[in-house]
Amino acid sequence: EVMLIPTRPRLFSVCRNEDLKEMLESSKESLKLEAMKRIVGLIAKGKNASELFPAVVKNVASKNIELKKLVYVYLVRYAEEQQDLALLSISTFQRALKDPNQFIRASALRVLSSIRVPIIVPIMMLAIKEAAADLSPYVRKTSAHAIQKLFSLDADQKEQLIEVIEKLLKDKSTLVAGSVVMAFEEVCPDRIDLIHKNYRKLCNLLVDVEEWGQVVIISMLTRYARTQFTSPWKEVRGQSGEVMKAFYESDSEEKKGHTEEKPYIMDPDHRLLLRNTKPLLQSRNTAVVMSVAQLYWHLAPKHEVSIVTKSLVRLLRSHREVQYIVLQNIATMSIQRKGMFEPFMKSFYVRSTDATHIKTLKLEILTNLANEANISTILREFQTYVKSQDKAFAAATIQAIGRCATNISEVTDTCLNGLVLLLSNRDETVVAESVVVIKKLLQTQPTQHSEIIKHMAKLFDNITVPMARASILWLIGEYCERVPKIAPDVLRKMAKSFTAEEDIVKLQTVNLAAKLYLTNSKQTKLLTQYILNLGKYDQNYDIRDRTRFIRQLIVPSEKSGALNKYARRILLAPKPAPVLESSFKDRDRFQLGTLSHSLNSKATGYQELSDWPAVAPDQSVRNVEIIEASGSDSEEESSESEKTSSDSGKSSSGSEQSSSESELEQKKKKKTKKVPQKKSKPTAADRYSEIPAVCWSLRVTTSSFGPVKTYELLHHMTGKGLAAKYHFPRQPCLYQPSMVAVQVILSNSSDHSLEEIHIGDRSPASLSIHCFNTIERLEPEASVTVSMGIDFSDSTQAANFQLCTKEDQFSVSIQPAVGELLMPSSMTEQDFCKEQGKLQGMNETSATITMETANASSQAISKQVLSVANVGVVSSSQNNFSRFAGRTVSSGALVLVSLELKESSTALLTINTEKTVMASMLLRDIKQALTQA
Amino acid sequence: MIHSLFLVNASGDIFLEKHWKSVVSRSVCDYFFEAQERATEPENVPPVIPTPHHYLISVLRHRIYFVAVIQSEVPPLFVIEFLHRVVDTFQDYFGVCTEAAIKDNVVVVYELLEEMLDNGFPLATESNILKELIKPPTILRTMVNTITGSTNVGEQLPTGQLSVVPWRRTGVKYTNNEAYFDVVEEIDAIIDKSGSTITAEIQGVIDACVKLTGMPDLTLSFMNPRLLDDVSFHPCVRFKRWEAERILSFIPPDGNFRLLSYHVSSQNLVAIPVYVKHNITFREGSSQGRFDLTLGPKQTMGKAVESVLVSSQLPRGVLNANLNPSQGTYTFDPVTKLLSWDVGKINPQKLPSLKGTMSLQAGASKPDENPTINIQFKIQQMAISGLKVNRLDMYGEKYKPFKGIKYMTKAGKSVLQRMHIVNCK
């Protein structure tokens, strides 16, 4: 049957979706999978499959991995449209975030953070924070990606996200580095201060980071370096030297001389960056090579930049699109630094198989590289290009020849002659382009061109391209005195064809007429009048305007006043020659390798590269302190750390083995040093509980601190020196609202340090625990407090798990008192009575108790009740009534406790709740507390 | 970074879309279609196209445009490199990367794209890791899957991503341990009309197929490493060792991978192993032209030149060609004016030639543009640069692997000979 379904014909898509719905709701896994596959097919085609959302979302918790993955694909695509339904799936992901398998945790976070539903922002925030502290670097990497997703969903979270970024930047895993720098670039690229302490680490990790991360890190470090180091470029230094001179001018002569002589010394950190990026020029990833090339271009001393040349030229053998981008960058570089690419000139020779835009770029570069020495080779090459079958390219070559001719005066005549020969080419575009270029060249060389102009006038009748015709007309007009016989004749022909010409040709005809009128009015007066009349009634208003203007200017009349005298000087003024220059001339205002550079316009989100600072900012900000604020020896320590980091820099640029070794070594060193700091600085988990809770469960008062009871989890005798105690801090659990927060105090009473304290297997297996982070090391006599969360599912069944050290495992269990499974709920007396009214009958448990006399006051009652149960006091208007309200942590069921005082210290204790088992246990506990002293 | 991806075929239909952030309407591709229409050839579509709210960065491979939608500043090469990596992955998975193959495997394609990018940033692009996550389809597996409804998705989650060698999966086991290396060199050249070389260069790659158990650590050395002028490595190669000793030392990925790409220093003169003699003449007053082409081998160290294919774009004025090949077959497309001649193997005793006449459009002027000939060929068992592998050693494992090495030389993207058309009176 399964085989048949795909072939069954379907006429309407509605019908098909019904089918799919049925399949999704079937009990067969294979049918569901088949349905999901087809749905993914629909999504891929861009067809709308949103109506299937309810049917699909049901399968989110499926055990089948592929089915699950496909459901994830679907969810991410449609969650934004179906926000309410999407929320149904959230709890599945929250559960998966606690999974022992790192890949499941990571994929849960990936999907959760991809669901673009604003309501879940707080949940995402918590999940990110938690994942950022995960043991698995893969999960931490995912959390770095999630930071960007959350930021784009809700930019208000910026400050909190920066905290997470700051923490992740400290991460030493190569897996995380690229992703967190990406998050940094997206969320807070201006917070350069966050980089200081991580600068050397990033430089040293760079070779081992995955290739995509390398690109991001390198481009960030380029920006960083331009704000922190002084310029290694001599000429710029000269300028800054002048600035300094001016600055010190008022000071003594001696000092001035001193500053001038001070040689440039590169900051070792600047050198570190250059040294550690160089091997990446050998990367197989073209983006990495390009990013190193731009780093050298923007940061290296001028004489070092050329080491990137060979690698860039290598990239030219890659795909067409890669060539395009690399050629663009080379075009910009080659304007400033001809020498860099000149030896590789032949690599830029155009092949007939190249795409047009590649050809044009190569032409651009060849033109940039042209000098006196190589121009003949280049021109010979250009000659073959002109004969190319690709006419657009041939035209571009003619432009290039024009540029060579203006730049290198030795060849101007040769080029001009060559171009004139092209005027007899059969192809119109070639001829037209030649005319345009010749026009520009003649302007730069205003001697001996009457022959060429005559030649062009002869060709005029055969040329139809408007731009070329207009150019010839302009030339004849401009130099009409040198071709006195031909010019009027051309005007005569133009008068005949005027109405049929293109607009630019008409404008130039009017110009020509005006110029001839001024120089040779005897022959051309009538013709000019005629053309001006035609122009007066032209359809194009530009032409009408121009005609009117010219008439006023050249034809003397009463109205035309003073301007008329100057007509000749206006129209026949010597005009500056056009400058033929590269379109890449000012491209270097953009950082090389960027999208903006490629487009030659500022792209959204482009970060300007700042100018070098005249004076380097404090260098010591990059020193890494290993011990924070521990007084006298800190300075020694930091200098030592500097040494280790630069040492590892040398080794890590080699094989990954040696680098990981050195990293390990470093870690070991740091581990040992870190320990004393552990005490003063709270662990990550601890810090979380300090952050005010983000609560989505309704109306929960923060806490009603009663006296804290501490229970023993592990005795130091059984724990071979490891002792553990726990208590319930009665705070809402941050990890997940359905969890009860537990704080565990671990102490080491043995004589040796304990390593890797963490939580191992648990039972029942479904028990969901949020574990504390592994404690890497606990010194003798030291203790540490950690937080965990346990979902007891509103039952007093013990949570059993293993507390492990590196060597041993100890089974321990936490049995909660029923009162700890509650959280306080604030409500008014009216609400209390109303809710109590709803929970009558089976939901009510009550008992008459005789209280200890000391407990008879309402304050004492509150104290006793709060000591056993985590509930909130409801203010009461009646003296003989005490009321308390709470909710169960897991399911949120209301628990109402009321105590009515009768005579002679008897009282009626009533508990109203759906959870009857809990009610009876709670009743027992409260009764015990009130009857005892 | 990368917002969305659209796959567009030659006729301008979007046949697949994938979004990694919020959905971008496919109407954004209209800007791409405009550029596509403007372009005279499919290759001429600009790789970067700005639109009012997005930027489109595209690559063209196998006649499919992979169009990525970008919203803000990003190095364009980053996107281009990634798109090519996607194509390579598809090719690796499906054997070919065609519209049909992608459509047939749309679920695998989607699963791959999902793993390769997270929020537009590359996540897993290493083939070894992807293959652990998603198994490539095989005919057998497809059949089994259809019948049993089982999956392509790996049962176990990958381990490689987390190890010190992220490119290699753990627990590799083979009964036959083999390592094959193919040294493939490509020549690109421009030859002028008289037959002298204007520019020629050799670039080579070493492609490896390594099927070795466990965590082998290999070293590969060359007889003449000085030949290698510029190199780029697979991430597995230890750069320091190469710098110091010119030895490739690496823990290989499992399966096929490109170990090294290199460029042979340009000081060495490159001899192109094939020469072409041509003679194309048009006579004034006649609508017929003469066409004469002869091929011959040159400095091949006794190795045969095979799979020779010659193609040329004849001038637009040429209406038809009536030619006679001494061996092989030729075709001439009167619309595109593309002449292609499948020569096969060159026999040095009897040189292949293609002779005959071309007819010109009546009354059309004689062509004044110069066509070029593109030559393709293959030579087995020879690296034209003379590069030789010295030895391959394995450390870290105890078994004796089978080691194989193969050399080949072929024409690169373009070995171009510029032709000269003689118009005589």
# chains A, B, ... in the order shown; residues from 1 in each chain; ligands from 1

$ closest_atom_pairs --of "chain A" --to "chain B" --cutoff "6 Å" --atoms "only C-alpha atoms" --output "JSON lines"
{"residue": "A:Ser30", "atom": "CA", "partner": "B:Gly149", "partner_atom": "CA", "distance": 4.6}
{"residue": "A:Ala44", "atom": "CA", "partner": "B:Leu16", "partner_atom": "CA", "distance": 5.0}
{"residue": "A:Lys45", "atom": "CA", "partner": "B:Leu16", "partner_atom": "CA", "distance": 5.1}
{"residue": "A:Glu66", "atom": "CA", "partner": "B:Val153", "partner_atom": "CA", "distance": 5.6}
{"residue": "A:Gln282", "atom": "CA", "partner": "B:Ser232", "partner_atom": "CA", "distance": 4.3}
{"residue": "A:Ser283", "atom": "CA", "partner": "B:Ser232", "partner_atom": "CA", "distance": 5.3}
{"residue": "A:Arg284", "atom": "CA", "partner": "B:Ser232", "partner_atom": "CA", "distance": 5.3}
{"residue": "A:Ala287", "atom": "CA", "partner": "B:Leu77", "partner_atom": "CA", "distance": 4.9}
{"residue": "A:Glu321", "atom": "CA", "partner": "B:Pro47", "partner_atom": "CA", "distance": 5.9}
{"residue": "A:Ala355", "atom": "CA", "partner": "B:Asn44", "partner_atom": "CA", "distance": 5.4}
{"residue": "A:Thr356", "atom": "CA", "partner": "B:Asn44", "partner_atom": "CA", "distance": 5.9}
{"residue": "A:Lys387", "atom": "CA", "partner": "B:Glu369", "partner_atom": "CA", "distance": 4.7}
{"residue": "A:Ser388", "atom": "CA", "partner": "B:Glu369", "partner_atom": "CA", "distance": 5.8}
{"residue": "A:Gln389", "atom": "CA", "partner": "B:Glu369", "partner_atom": "CA", "distance": 5.9}
{"residue": "A:Gly593", "atom": "CA", "partner": "B:Pro75", "partner_atom": "CA", "distance": 5.7}
{"residue": "A:Thr594", "atom": "CA", "partner": "B:Pro75", "partner_atom": "CA", "distance": 4.5}
{"residue": "A:Leu595", "atom": "CA", "partner": "B:Pro75", "partner_atom": "CA", "distance": 5.5}
{"residue": "A:Ala603", "atom": "CA", "partner": "B:Glu73", "partner_atom": "CA", "distance": 5.6}
{"residue": "A:Thr604", "atom": "CA", "partner": "B:Ser72", "partner_atom": "CA", "distance": 4.8}
{"residue": "A:Gly605", "atom": "CA", "partner": "B:Glu73", "partner_atom": "CA", "distance": 5.4}
{"residue": "A:Tyr606", "atom": "CA", "partner": "B:Glu73", "partner_atom": "CA", "distance": 5.3}
{"residue": "A:Gly654", "atom": "CA", "partner": "B:Lys240", "partner_atom": "CA", "distance": 4.2}
{"residue": "A:Ser655", "atom": "CA", "partner": "B:Arg238", "partner_atom": "CA", "distance": 4.5}

$ write_last_selection --atoms "C-alpha atoms" --output "JSON list (two decimals), in the first residue's frame"
[["chain", "number", "residue", "atom", "x", "y", "z"],
["A", 30, "SER", "CA", 6.03, 5.03, 7.45],
["A", 44, "ALA", "CA", 10.72, 23.35, -1.50],
["A", 45, "LYS", "CA", 8.58, 24.30, -4.46],
["A", 66, "GLU", "CA", 14.04, 11.63, 10.25],
["A", 282, "GLN", "CA", 47.29, 28.48, 1.52],
["A", 283, "SER", "CA", 43.71, 27.70, 2.43],
["A", 284, "ARG", "CA", 41.59, 25.87, -0.10],
["A", 287, "ALA", "CA", 37.03, 33.44, 0.92],
["A", 321, "GLU", "CA", 32.23, 33.93, -9.85],
["A", 355, "ALA", "CA", 32.47, 35.66, -19.57],
["A", 356, "THR", "CA", 32.08, 39.26, -20.67],
["A", 387, "LYS", "CA", 39.13, 41.43, -33.55],
["A", 388, "SER", "CA", 37.22, 39.38, -31.02],
["A", 389, "GLN", "CA", 33.85, 37.96, -31.92],
["A", 593, "GLY", "CA", 36.76, 41.94, -0.21],
["A", 594, "THR", "CA", 33.49, 43.41, 1.01],
["A", 595, "LEU", "CA", 30.16, 43.46, -0.75],
["A", 603, "ALA", "CA", 25.83, 48.10, 1.45],
["A", 604, "THR", "CA", 23.52, 47.86, 4.45],
["A", 605, "GLY", "CA", 25.47, 47.13, 7.57],
["A", 606, "TYR", "CA", 28.85, 48.06, 6.12],
["A", 654, "GLY", "CA", 51.94, 24.48, 12.79],
["A", 655, "SER", "CA", 50.17, 21.19, 12.96]]

$ select_by_dssp --residues "segment 7-239 of chain A" --states "alpha helix (DSSP H)" --output "ChimeraX atom specification"
/A:13-25,29-45,53-57,65-78,83-96,102-114,121-132,137-153,158-169,174-187,193-196,199-205,211-228,234-239

$ atom_distance --atom1 "atom CA of Val326 of chain A" --atom2 "atom CA of Thr353 of chain A"
17.9 Å

$ residues_around --residues "segment 765-768 of chain A" --least-positions-apart "5" --cutoff "8 Å" --atoms "only C-alpha atoms" --output "list in words"
Arg95, Lys98, Ile790, Asp791, Phe792 and Ala799 of chain A

$ closest_residue --among "A:Val871, A:Met851, A:Val292, A:Ile162" --to "Met220 of chain A" --atoms "only C-alpha atoms"
A:Val292

$ atom_distance --atom1 "atom CA of Val180 of chain A" --atom2 "atom CA of Ser127 of chain B"
23.6 Å
